[in-house]
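Asks: Structure file entry36.cif (mmCIF, C-alpha atoms) is given on the next line.
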```cif
data_data
loop_
_atom_site.group_PDB
_atom_site.id
_atom_site.type_symbol
_atom_site.label_atom_id
_atom_site.label_comp_id
_atom_site.auth_asym_id
_atom_site.auth_seq_id
_atom_site.Cartn_x
_atom_site.Cartn_y
_atom_site.Cartn_z
ATOM 1 C CA MET A 490 17.438 -22.371 -39.634
ATOM 2 C CA LEU A 491 14.754 -19.696 -39.969
ATOM 3 C CA LYS A 492 13.307 -20.751 -36.595
ATOM 4 C CA ARG A 493 16.702 -20.237 -34.924
ATOM 5 C CA ILE A 494 17.122 -16.786 -36.457
ATOM 6 C CA LEU A 495 13.630 -15.762 -35.359
ATOM 7 C CA LEU A 496 14.262 -17.101 -31.845
ATOM 8 C CA VAL A 497 17.554 -15.200 -31.549
ATOM 9 C CA LEU A 498 15.916 -12.054 -32.916
ATOM 10 C CA ALA A 499 13.038 -12.386 -30.441
ATOM 11 C CA LEU A 500 15.461 -12.833 -27.543
ATOM 12 C CA VAL A 501 17.576 -9.840 -28.592
ATOM 13 C CA LEU A 502 14.562 -7.581 -29.088
ATOM 14 C CA GLY A 503 12.932 -8.810 -25.906
ATOM 15 C CA THR A 504 15.957 -8.022 -23.747
ATOM 16 C CA SER A 505 16.706 -4.687 -25.360
ATOM 17 C CA ALA A 506 13.168 -3.318 -25.167
ATOM 18 C CA PRO A 507 12.640 -0.750 -22.394
ATOM 19 C CA ALA A 508 10.893 -2.029 -19.281
ATOM 20 C CA LEU A 509 7.344 -0.878 -18.707
ATOM 21 C CA ALA A 510 7.501 2.166 -16.466
ATOM 22 C CA LEU A 511 5.160 1.960 -13.489
ATOM 23 C CA ASP A 512 3.339 4.964 -12.061
ATOM 24 C CA PRO A 513 5.121 5.651 -8.726
ATOM 25 C CA GLU A 514 1.840 6.816 -7.155
ATOM 26 C CA ASN A 515 0.285 3.438 -8.006
ATOM 27 C CA THR A 516 3.202 1.201 -7.082
ATOM 28 C CA LEU A 517 3.952 -0.292 -3.677
ATOM 29 C CA TYR A 518 7.291 -1.547 -2.391
ATOM 30 C CA LEU A 519 6.661 -4.450 -0.011
ATOM 31 C CA ASP A 520 9.920 -5.213 1.776
ATOM 32 C CA LEU A 521 10.279 -8.722 3.204
ATOM 33 C CA LYS A 522 13.203 -10.374 4.974
ATOM 34 C CA ASP A 523 14.508 -11.809 1.695
ATOM 35 C CA GLY A 524 13.930 -8.830 -0.600
ATOM 36 C CA ARG A 525 11.629 -6.295 -2.209
ATOM 37 C CA VAL A 526 8.311 -7.131 -3.839
ATOM 38 C CA VAL A 527 6.956 -4.565 -6.306
ATOM 39 C CA ILE A 528 3.178 -4.370 -6.488
ATOM 40 C CA GLU A 529 1.356 -2.540 -9.251
ATOM 41 C CA LEU A 530 -1.849 -1.028 -7.862
ATOM 42 C CA LEU A 531 -5.022 -1.266 -9.947
ATOM 43 C CA PRO A 532 -7.079 1.883 -9.271
ATOM 44 C CA GLN A 533 -9.046 1.311 -12.468
ATOM 45 C CA VAL A 534 -10.278 -2.008 -10.998
ATOM 46 C CA ALA A 535 -10.767 -1.140 -7.304
ATOM 47 C CA PRO A 536 -10.406 2.637 -6.795
ATOM 48 C CA LYS A 537 -11.739 2.825 -3.231
ATOM 49 C CA THR A 538 -9.697 -0.147 -2.056
ATOM 50 C CA VAL A 539 -6.509 1.199 -3.658
ATOM 51 C CA ALA A 540 -7.085 4.609 -2.036
ATOM 52 C CA ARG A 541 -7.614 3.011 1.390
ATOM 53 C CA MET A 542 -4.576 0.735 1.088
ATOM 54 C CA LYS A 543 -2.361 3.700 0.129
ATOM 55 C CA GLU A 544 -3.744 5.614 3.119
ATOM 56 C CA LEU A 545 -2.833 2.746 5.467
ATOM 57 C CA VAL A 546 0.597 2.343 3.835
ATOM 58 C CA ARG A 547 1.336 6.039 4.288
ATOM 59 C CA GLN A 548 0.384 5.740 7.977
ATOM 60 C CA GLY A 549 2.938 2.908 8.366
ATOM 61 C CA PHE A 550 0.086 0.600 9.387
ATOM 62 C CA PHE A 551 1.602 -2.550 7.868
ATOM 63 C CA ASP A 552 5.222 -2.071 8.913
ATOM 64 C CA GLY A 553 6.299 -4.902 11.210
ATOM 65 C CA THR A 554 3.021 -6.830 10.957
ATOM 66 C CA PRO A 555 3.122 -10.635 10.829
ATOM 67 C CA ILE A 556 2.403 -12.658 7.719
ATOM 68 C CA HIS A 557 0.070 -14.771 9.776
ATOM 69 C CA ARG A 558 -1.530 -17.209 7.313
ATOM 70 C CA VAL A 559 0.437 -18.949 4.570
ATOM 71 C CA ILE A 560 -0.861 -21.960 2.679
ATOM 72 C CA PRO A 561 1.719 -23.406 0.235
ATOM 73 C CA GLY A 562 0.426 -23.493 -3.330
ATOM 74 C CA PHE A 563 -2.384 -21.081 -2.448
ATOM 75 C CA MET A 564 -1.590 -17.750 -0.772
ATOM 76 C CA ALA A 565 0.187 -15.652 1.880
ATOM 77 C CA GLN A 566 -2.051 -13.431 4.039
ATOM 78 C CA MET A 567 -0.989 -10.336 5.971
ATOM 79 C CA GLY A 568 -2.306 -6.983 7.179
ATOM 80 C CA ASP A 569 -3.501 -7.928 10.670
ATOM 81 C CA PRO A 570 -1.483 -6.109 13.340
ATOM 82 C CA THR A 571 -2.557 -8.689 15.955
ATOM 83 C CA GLY A 572 -1.349 -11.641 13.882
ATOM 84 C CA THR A 573 -4.472 -13.608 14.830
ATOM 85 C CA GLY A 574 -6.426 -13.215 11.606
ATOM 86 C CA THR A 575 -9.128 -11.241 13.416
ATOM 87 C CA GLY A 576 -7.539 -7.782 13.572
ATOM 88 C CA GLY A 577 -7.578 -4.844 11.244
ATOM 89 C CA SER A 578 -7.743 -1.081 11.013
ATOM 90 C CA GLY A 579 -11.347 -0.899 12.182
ATOM 91 C CA GLN A 580 -12.726 0.377 8.874
ATOM 92 C CA ASN A 581 -14.462 -2.100 6.580
ATOM 93 C CA GLN A 582 -14.460 -1.501 2.850
ATOM 94 C CA GLN A 583 -17.234 -1.944 0.310
ATOM 95 C CA ALA A 584 -16.428 -4.848 -2.011
ATOM 96 C CA GLU A 585 -15.230 -3.935 -5.511
ATOM 97 C CA PHE A 586 -15.549 -7.184 -7.424
ATOM 98 C CA SER A 587 -14.305 -7.388 -10.999
ATOM 99 C CA THR A 588 -13.838 -9.829 -13.846
ATOM 100 C CA MET A 589 -10.098 -10.087 -13.128
ATOM 101 C CA LYS A 590 -8.748 -13.529 -12.339
ATOM 102 C CA HIS A 591 -6.834 -14.626 -9.256
ATOM 103 C CA GLU A 592 -3.525 -15.627 -10.856
ATOM 104 C CA ARG A 593 -0.048 -16.108 -9.441
ATOM 105 C CA GLY A 594 0.949 -12.733 -7.970
ATOM 106 C CA THR A 595 -2.594 -11.358 -7.626
ATOM 107 C CA VAL A 596 -3.054 -9.131 -4.558
ATOM 108 C CA SER A 597 -6.571 -9.312 -3.140
ATOM 109 C CA MET A 598 -8.478 -8.349 -0.005
ATOM 110 C CA ALA A 599 -9.239 -10.939 2.659
ATOM 111 C CA ARG A 600 -12.691 -10.813 4.235
ATOM 112 C CA ALA A 601 -15.146 -12.648 6.470
ATOM 113 C CA GLN A 602 -18.529 -14.042 5.342
ATOM 114 C CA ASP A 603 -19.946 -10.548 4.821
ATOM 115 C CA LEU A 604 -19.005 -9.433 1.307
ATOM 116 C CA ASN A 605 -18.274 -5.927 2.620
ATOM 117 C CA SER A 606 -16.121 -6.992 5.583
ATOM 118 C CA ALA A 607 -12.653 -6.485 4.055
ATOM 119 C CA ASP A 608 -10.547 -4.154 6.211
ATOM 120 C CA SER A 609 -6.738 -4.184 6.081
ATOM 121 C CA GLN A 610 -5.960 -7.867 5.587
ATOM 122 C CA PHE A 611 -4.891 -8.942 2.128
ATOM 123 C CA PHE A 612 -3.275 -11.894 0.414
ATOM 124 C CA ILE A 613 -0.938 -12.639 -2.463
ATOM 125 C CA CYS A 614 -1.680 -15.734 -4.557
ATOM 126 C CA PHE A 615 1.087 -18.284 -5.106
ATOM 127 C CA ALA A 616 -0.916 -19.905 -7.928
ATOM 128 C CA PRO A 617 -4.162 -19.421 -9.838
ATOM 129 C CA ALA A 618 -7.223 -19.606 -7.551
ATOM 130 C CA PRO A 619 -10.273 -19.427 -9.845
ATOM 131 C CA PHE A 620 -12.658 -20.296 -6.994
ATOM 132 C CA LEU A 621 -11.965 -16.770 -5.621
ATOM 133 C CA ASP A 622 -12.763 -14.960 -8.874
ATOM 134 C CA GLY A 623 -15.589 -12.437 -8.577
ATOM 135 C CA ARG A 624 -15.815 -13.007 -4.804
ATOM 136 C CA TYR A 625 -12.815 -11.050 -3.485
ATOM 137 C CA THR A 626 -11.583 -7.552 -4.333
ATOM 138 C CA ILE A 627 -8.451 -7.633 -6.486
ATOM 139 C CA TRP A 628 -6.467 -4.415 -6.094
ATOM 140 C CA GLY A 629 -2.942 -5.182 -7.246
ATOM 141 C CA ARG A 630 -0.495 -7.579 -8.817
ATOM 142 C CA VAL A 631 3.119 -8.459 -8.126
ATOM 143 C CA VAL A 632 5.269 -7.311 -11.040
ATOM 144 C CA ASP A 633 8.661 -8.080 -9.484
ATOM 145 C CA GLY A 634 9.985 -10.051 -6.520
ATOM 146 C CA MET A 635 7.538 -12.953 -6.466
ATOM 147 C CA GLN A 636 10.494 -15.185 -5.577
ATOM 148 C CA PHE A 637 10.583 -13.393 -2.190
ATOM 149 C CA VAL A 638 6.880 -14.075 -1.626
ATOM 150 C CA ASP A 639 7.608 -17.745 -2.355
ATOM 151 C CA ARG A 640 10.135 -17.756 0.545
ATOM 152 C CA ILE A 641 7.681 -16.567 3.218
ATOM 153 C CA LYS A 642 7.489 -19.046 6.101
ATOM 154 C CA ALA A 643 4.476 -21.320 5.616
ATOM 155 C CA GLY A 644 1.889 -22.623 8.026
ATOM 156 C CA THR A 645 0.249 -26.029 7.884
ATOM 157 C CA GLU A 646 -2.937 -27.055 6.110
ATOM 158 C CA GLU A 647 -4.101 -28.735 9.321
ATOM 159 C CA ASP A 648 -4.122 -25.329 11.019
ATOM 160 C CA ASN A 649 -5.609 -23.463 8.008
ATOM 161 C CA GLY A 650 -2.202 -21.973 7.228
ATOM 162 C CA ALA A 651 -1.629 -20.323 10.628
ATOM 163 C CA VAL A 652 2.094 -19.688 11.013
ATOM 164 C CA VAL A 653 3.977 -20.202 14.278
ATOM 165 C CA MET A 654 6.665 -17.510 14.662
ATOM 166 C CA PRO A 655 5.692 -15.928 11.328
ATOM 167 C CA ASP A 656 7.788 -13.787 9.041
ATOM 168 C CA LYS A 657 6.902 -10.107 9.172
ATOM 169 C CA VAL A 658 6.398 -7.311 6.699
ATOM 170 C CA THR A 659 9.536 -5.180 7.054
ATOM 171 C CA SER A 660 7.790 -2.207 5.460
ATOM 172 C CA ILE A 661 5.431 -1.146 2.709
ATOM 173 C CA LYS A 662 5.879 2.182 0.946
ATOM 174 C CA VAL A 663 4.195 3.921 -1.955
ATOM 175 C CA ALA A 664 6.980 4.204 -4.558
ATOM 176 C CA ALA A 665 6.342 7.952 -4.938
ATOM 177 C CA ASP A 666 7.241 8.350 -1.238
ATOM 178 C CA ALA A 667 10.235 5.991 -1.194
ATOM 179 C CA PRO A 668 13.795 7.309 -1.248
#
```
Rewrite the structure from the file as C-alpha coordinates, please.
Replies:
Amino acid sequence: MLKRILLVLALVLGTSAPALALDPENTLYLDLKDGRVVIELLPQVAPKTVARMKELVRQGFFDGTPIHRVIPGFMAQMGDPTGTGTGGSGQNQQAEFSTMKHERGTVSMARAQDLNSADSQFFICFAPAPFLDGRYTIWGRVVDGMQFVDRIKAGTEEDNGAVVMPDKVTSIKVAADAP
(Lines of atoms letter the chains of each structure in order from A and count residues from 1; the text may use other names and numbers.)
(Lines give C-alpha, C1' and ligand atoms only; values in the text may rest on other atoms or scores of the structure.)
Protein backbone atom coordinates (compact mmCIF):
# COMPACT_ATOMS: atom_id res chain seq x y z
CA MET A 1 0.00 0.00 0.00
CA LEU A 2 2.83 2.39 0.86
CA LYS A 3 4.40 1.73 -2.56
CA ARG A 4 1.15 2.74 -4.30
CA ILE A 5 0.87 5.95 -2.29
CA LEU A 6 4.48 6.86 -3.05
CA LEU A 7 3.97 6.10 -6.75
CA VAL A 8 0.84 8.26 -6.92
CA LEU A 9 2.59 11.04 -5.02
CA ALA A 10 5.59 10.86 -7.37
CA LEU A 11 3.32 11.02 -10.42
CA VAL A 12 1.34 13.98 -9.04
CA LEU A 13 4.46 15.91 -8.07
CA GLY A 14 6.20 15.04 -11.31
CA THR A 15 3.37 16.36 -13.48
CA SER A 16 2.74 19.47 -11.42
CA ALA A 17 6.37 20.58 -11.24
CA PRO A 18 7.23 23.48 -13.57
CA ALA A 19 9.07 22.54 -16.74
CA LEU A 20 12.71 23.50 -16.96
CA ALA A 21 12.89 26.84 -18.73
CA LEU A 22 15.39 26.90 -21.59
CA ASP A 23 17.48 29.94 -22.46
CA PRO A 24 15.95 31.23 -25.74
CA GLU A 25 19.39 32.36 -26.95
CA ASN A 26 20.67 28.79 -26.54
CA THR A 27 17.67 26.94 -27.93
CA LEU A 28 17.03 26.01 -31.55
CA TYR A 29 13.70 25.21 -33.18
CA LEU A 30 14.27 22.64 -35.93
CA ASP A 31 11.08 22.39 -37.97
CA LEU A 32 10.58 19.16 -39.92
CA LYS A 33 7.67 18.00 -42.06
CA ASP A 34 6.08 16.21 -39.10
CA GLY A 35 6.71 18.77 -36.36
CA ARG A 36 9.07 20.87 -34.28
CA VAL A 37 12.23 19.56 -32.63
CA VAL A 38 13.60 21.64 -29.74
CA ILE A 39 17.36 21.52 -29.35
CA GLU A 40 19.13 22.79 -26.26
CA LEU A 41 22.51 24.25 -27.24
CA LEU A 42 25.53 23.48 -25.06
CA PRO A 43 27.82 26.53 -25.16
CA GLN A 44 29.55 25.36 -21.99
CA VAL A 45 30.65 22.21 -23.88
CA ALA A 46 31.42 23.56 -27.37
CA PRO A 47 31.33 27.39 -27.33
CA LYS A 48 32.89 28.00 -30.75
CA THR A 49 30.73 25.39 -32.46
CA VAL A 50 27.55 26.72 -30.83
CA ALA A 51 28.44 30.27 -31.90
CA ARG A 52 29.07 29.16 -35.49
CA MET A 53 25.87 27.09 -35.69
CA LYS A 54 23.81 30.04 -34.41
CA GLU A 55 25.49 32.26 -37.00
CA LEU A 56 24.53 29.84 -39.80
CA VAL A 57 20.99 29.46 -38.41
CA ARG A 58 20.52 33.22 -38.35
CA GLN A 59 21.67 33.39 -41.99
CA GLY A 60 18.97 30.84 -42.92
CA PHE A 61 21.72 28.51 -44.13
CA PHE A 62 19.91 25.29 -43.18
CA ASP A 63 16.40 26.18 -44.32
CA GLY A 64 15.28 23.80 -47.06
CA THR A 65 18.40 21.62 -46.93
CA PRO A 66 18.04 17.85 -47.38
CA ILE A 67 18.44 15.35 -44.58
CA HIS A 68 20.75 13.40 -46.81
CA ARG A 69 22.03 10.51 -44.66
CA VAL A 70 19.80 8.54 -42.31
CA ILE A 71 20.78 5.20 -40.82
CA PRO A 72 17.97 3.61 -38.75
CA GLY A 73 19.04 2.91 -35.18
CA PHE A 74 22.05 5.21 -35.55
CA MET A 75 21.57 8.80 -36.75
CA ALA A 76 20.10 11.39 -39.15
CA GLN A 77 22.60 13.73 -40.84
CA MET A 78 21.87 17.14 -42.34
CA GLY A 79 23.47 20.53 -42.96
CA ASP A 80 24.81 20.01 -46.49
CA PRO A 81 23.07 22.34 -48.96
CA THR A 82 24.13 20.10 -51.87
CA GLY A 83 22.61 16.98 -50.33
CA THR A 84 25.65 14.94 -51.40
CA GLY A 85 27.43 14.72 -48.06
CA THR A 86 30.36 16.73 -49.42
CA GLY A 87 29.01 20.28 -49.14
CA GLY A 88 29.10 22.84 -46.40
CA SER A 89 29.50 26.51 -45.60
CA GLY A 90 33.17 26.59 -46.55
CA GLN A 91 34.43 27.27 -43.03
CA ASN A 92 35.86 24.36 -41.04
CA GLN A 93 35.68 24.41 -37.27
CA GLN A 94 38.26 23.40 -34.69
CA ALA A 95 37.13 20.26 -32.87
CA GLU A 96 35.79 20.74 -29.34
CA PHE A 97 35.78 17.23 -27.92
CA SER A 98 34.31 16.60 -24.48
CA THR A 99 33.51 13.81 -22.06
CA MET A 100 29.82 13.94 -22.99
CA LYS A 101 28.29 10.76 -24.35
CA HIS A 102 26.50 10.26 -27.65
CA GLU A 103 23.04 9.29 -26.38
CA ARG A 104 19.63 9.28 -28.02
CA GLY A 105 18.95 12.89 -29.02
CA THR A 106 22.59 14.04 -28.98
CA VAL A 107 23.37 16.65 -31.66
CA SER A 108 26.95 16.42 -32.91
CA MET A 109 29.10 17.68 -35.77
CA ALA A 110 29.85 15.46 -38.75
CA ARG A 111 33.39 15.56 -40.11
CA ALA A 112 35.84 13.89 -42.47
CA GLN A 113 39.06 12.10 -41.40
CA ASP A 114 40.67 15.37 -40.30
CA LEU A 115 39.59 16.03 -36.71
CA ASN A 116 39.17 19.73 -37.52
CA SER A 117 37.13 19.27 -40.71
CA ALA A 118 33.62 19.80 -39.29
CA ASP A 119 31.81 22.57 -41.18
CA SER A 120 28.00 22.80 -41.24
CA GLN A 121 26.96 19.15 -41.34
CA PHE A 122 25.61 17.67 -38.14
CA PHE A 123 23.71 14.63 -36.97
CA ILE A 124 21.16 13.65 -34.35
CA CYS A 125 21.57 10.23 -32.71
CA PHE A 126 18.61 7.84 -32.68
CA ALA A 127 20.34 5.69 -30.04
CA PRO A 128 23.49 5.65 -27.92
CA ALA A 129 26.66 5.57 -30.06
CA PRO A 130 29.57 5.19 -27.61
CA PHE A 131 32.06 4.57 -30.44
CA LEU A 132 31.68 8.30 -31.30
CA ASP A 133 32.40 9.55 -27.78
CA GLY A 134 35.40 11.88 -27.56
CA ARG A 135 35.81 11.85 -31.36
CA TYR A 136 33.03 14.19 -32.52
CA THR A 137 31.99 17.61 -31.22
CA ILE A 138 28.73 17.45 -29.26
CA TRP A 139 26.99 20.83 -29.27
CA GLY A 140 23.36 20.16 -28.42
CA ARG A 141 20.67 17.75 -27.34
CA VAL A 142 17.06 17.25 -28.34
CA VAL A 143 14.82 18.12 -25.39
CA ASP A 144 11.48 17.83 -27.21
CA GLY A 145 10.21 16.42 -30.50
CA MET A 146 12.46 13.38 -30.86
CA GLN A 147 9.42 11.53 -32.22
CA PHE A 148 9.65 13.79 -35.30
CA VAL A 149 13.33 12.93 -35.78
CA ASP A 150 12.32 9.25 -35.64
CA ARG A 151 9.97 9.85 -38.63
CA ILE A 152 12.66 11.23 -40.97
CA LYS A 153 12.86 9.19 -44.18
CA ALA A 154 15.68 6.65 -43.89
CA GLY A 155 18.31 5.53 -46.34
CA THR A 156 19.72 2.03 -46.63
CA GLU A 157 22.72 0.52 -44.87
CA GLU A 158 23.96 -0.76 -48.23
CA ASP A 159 24.30 2.85 -49.40
CA ASN A 160 25.73 4.14 -46.08
CA GLY A 161 22.38 5.75 -45.25
CA ALA A 162 22.12 7.92 -48.39
CA VAL A 163 18.48 8.87 -48.86
CA VAL A 164 16.77 8.98 -52.26
CA MET A 165 14.29 11.89 -52.37
CA PRO A 166 15.16 12.89 -48.79
CA ASP A 167 13.08 14.83 -46.32
CA LYS A 168 14.21 18.41 -45.85
CA VAL A 169 14.75 20.78 -42.97
CA THR A 170 11.78 23.16 -43.16
CA SER A 171 13.62 25.73 -41.05
CA ILE A 172 15.88 26.21 -38.06
CA LYS A 173 15.55 29.27 -35.85
CA VAL A 174 17.16 30.44 -32.64
CA ALA A 175 14.25 30.54 -30.16
CA ALA A 176 15.11 34.14 -29.20
CA ASP A 177 14.46 35.14 -32.84
CA ALA A 178 11.33 33.04 -33.38
CA PRO A 179 7.87 34.59 -33.31
Asks: Pull the neighbourhood of (-2.8, -9.8, -8.7) for me: all residues within 12 Å in file coordinates, counting only C-alpha atoms, as a ChimeraX atom specification.
Replies: /A:527-531,534-535,564,587,589-598,611-618,621-622,625-633,635
Asks: One decimal, Å: what's the distance from CA of Thr659 (chain A) over to CA of Gln602 (chain A), could you say?
Replies: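 Separating CA of Thr659 (chain A) from CA of Gln602 (chain A) is a distance of 29.5 Å.
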Asks: Using the chain letters and numbers from the file, give me the residues hit by the PyMOL selection byres ((chain A and resi 540) around 12), as a PyMOL selection string.
Replies: chain A and resi 514-516+530-539+541-547+582+609+628-629+663
Asks: Could you work out how far CA of Leu604 (chain A) lies from CA of Gly623 (chain A), giving the answer in Å with one decimal?
Replies: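 Value for the CA of Gly623 (chain A)-CA of Leu604 (chain A) distance: 10.9 Å.
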Asks: Care to translate the PyMOL selection byres ((chain A and resi 652) around 6) into actual residues of this file, as a list of chain:residue names?
Replies: A:His557, A:Arg558, A:Gly644, A:Ala651, A:Val653, A:Pro655
Asks: Could you name the residues that touch Ala667 (chain A) at 10 Å or less, counting all atoms listed in the file, but leaving out those on the same chain fewer than 6 positions away, as an NGL selection string?
Replies: :A and (513 or 517-518 or 661)
Asks: Suppose you want the space between CA of Asn649 (chain A) and CA of Val559 (chain A); what is it in Å?
Replies: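 Between these atoms lies a distance of 8.3 Å.
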Asks: For Ile560 (chain A), please output as a JSON list (two decimals) with C-alpha atoms, keeping the file's coordinate frame all residues within 8 Å (counting all atoms listed in the file; exclusion window: fewer than 5 positions along the same chain).
Replies:
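Result saved to part.json:
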```
[["chain", "number", "residue", "atom", "x", "y", "z"],
["A", 565, "ALA", "CA", 0.19, -15.65, 1.88],
["A", 643, "ALA", "CA", 4.48, -21.32, 5.62],
["A", 644, "GLY", "CA", 1.89, -22.62, 8.03],
["A", 645, "THR", "CA", 0.25, -26.03, 7.88],
["A", 646, "GLU", "CA", -2.94, -27.06, 6.11],
["A", 649, "ASN", "CA", -5.61, -23.46, 8.01],
["A", 650, "GLY", "CA", -2.20, -21.97, 7.23]]
```
Asks: Where does region 590-646 of chain A meet region 572-577 of chain A within 9 Å, residue by residue, with the nearest atom pair and distance in Å to one decimal for each, counting only C-alpha atoms, listed by chain and rising number, as a tab-separated table?
Replies:
```
residue	atom	partner	partner_atom	distance
A:Ala607	CA	A:Gly577	CA	9.0
A:Asp608	CA	A:Gly577	CA	5.9
A:Ser609	CA	A:Gly577	CA	5.3
A:Gln610	CA	A:Gly577	CA	6.6
```
Asks: Now that the selection is made, can you save its residues with C-alpha atoms as a PDB file, in the frame of the given file?
Replies:
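File written: selection_7.pdb
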```pdb
ATOM      1  CA  ALA A 607     -12.653  -6.485   4.055  1.00  0.00           C
ATOM      2  CA  ASP A 608     -10.547  -4.154   6.211  1.00  0.00           C
ATOM      3  CA  SER A 609      -6.738  -4.184   6.081  1.00  0.00           C
ATOM      4  CA  GLN A 610      -5.960  -7.867   5.587  1.00  0.00           C
TER       5      GLN A 610
END
```
Asks: For Arg640 (chain A), please output as JSON, numbers by chain all residues within 10 Å (counting all atoms listed in the file; exclusion window: fewer than 3 positions along the same chain).
Replies: {"A": [521, 522, 523, 524, 635, 636, 637, 643, 656]}
Asks: Neighbours of Arg624 (chain A) within 10 Å (all atoms listed in the file; same-chain residues fewer than 4 positions away dropped), as a list in words?
Replies: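 The residues satisfying every condition are Ala584, Glu585, Phe586, Ser587, Thr588, Met598, Arg600, Leu604, Pro619 and Phe620 of chain A.
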Asks: Could you check which of A:Val526, A:Ala665, A:Val658, A:Leu519 is closest to Pro555 (chain A), using only C-alpha atoms?
Replies: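 Once distances to Pro555 (chain A) are computed over only C-alpha atoms, the minimum belongs to A:Val658.
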Asks: Evaluate the PyMOL selection byres ((chain A and resi 554) around 8) here and jot the selected residues down as number ranges by chain.
Replies: A: 551-553, 555-556, 567-572, 657-659
Asks: I'd like to know which of A:Gly562, A:Asp648, A:Asn581, A:Pro668 is closest to Ala601 (chain A), using all atoms listed in the file.
Replies: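 Of A:Gly562, A:Asp648, A:Asn581, A:Pro668, the one nearest Ala601 (chain A) is A:Asn581, counting all atoms listed in the file.
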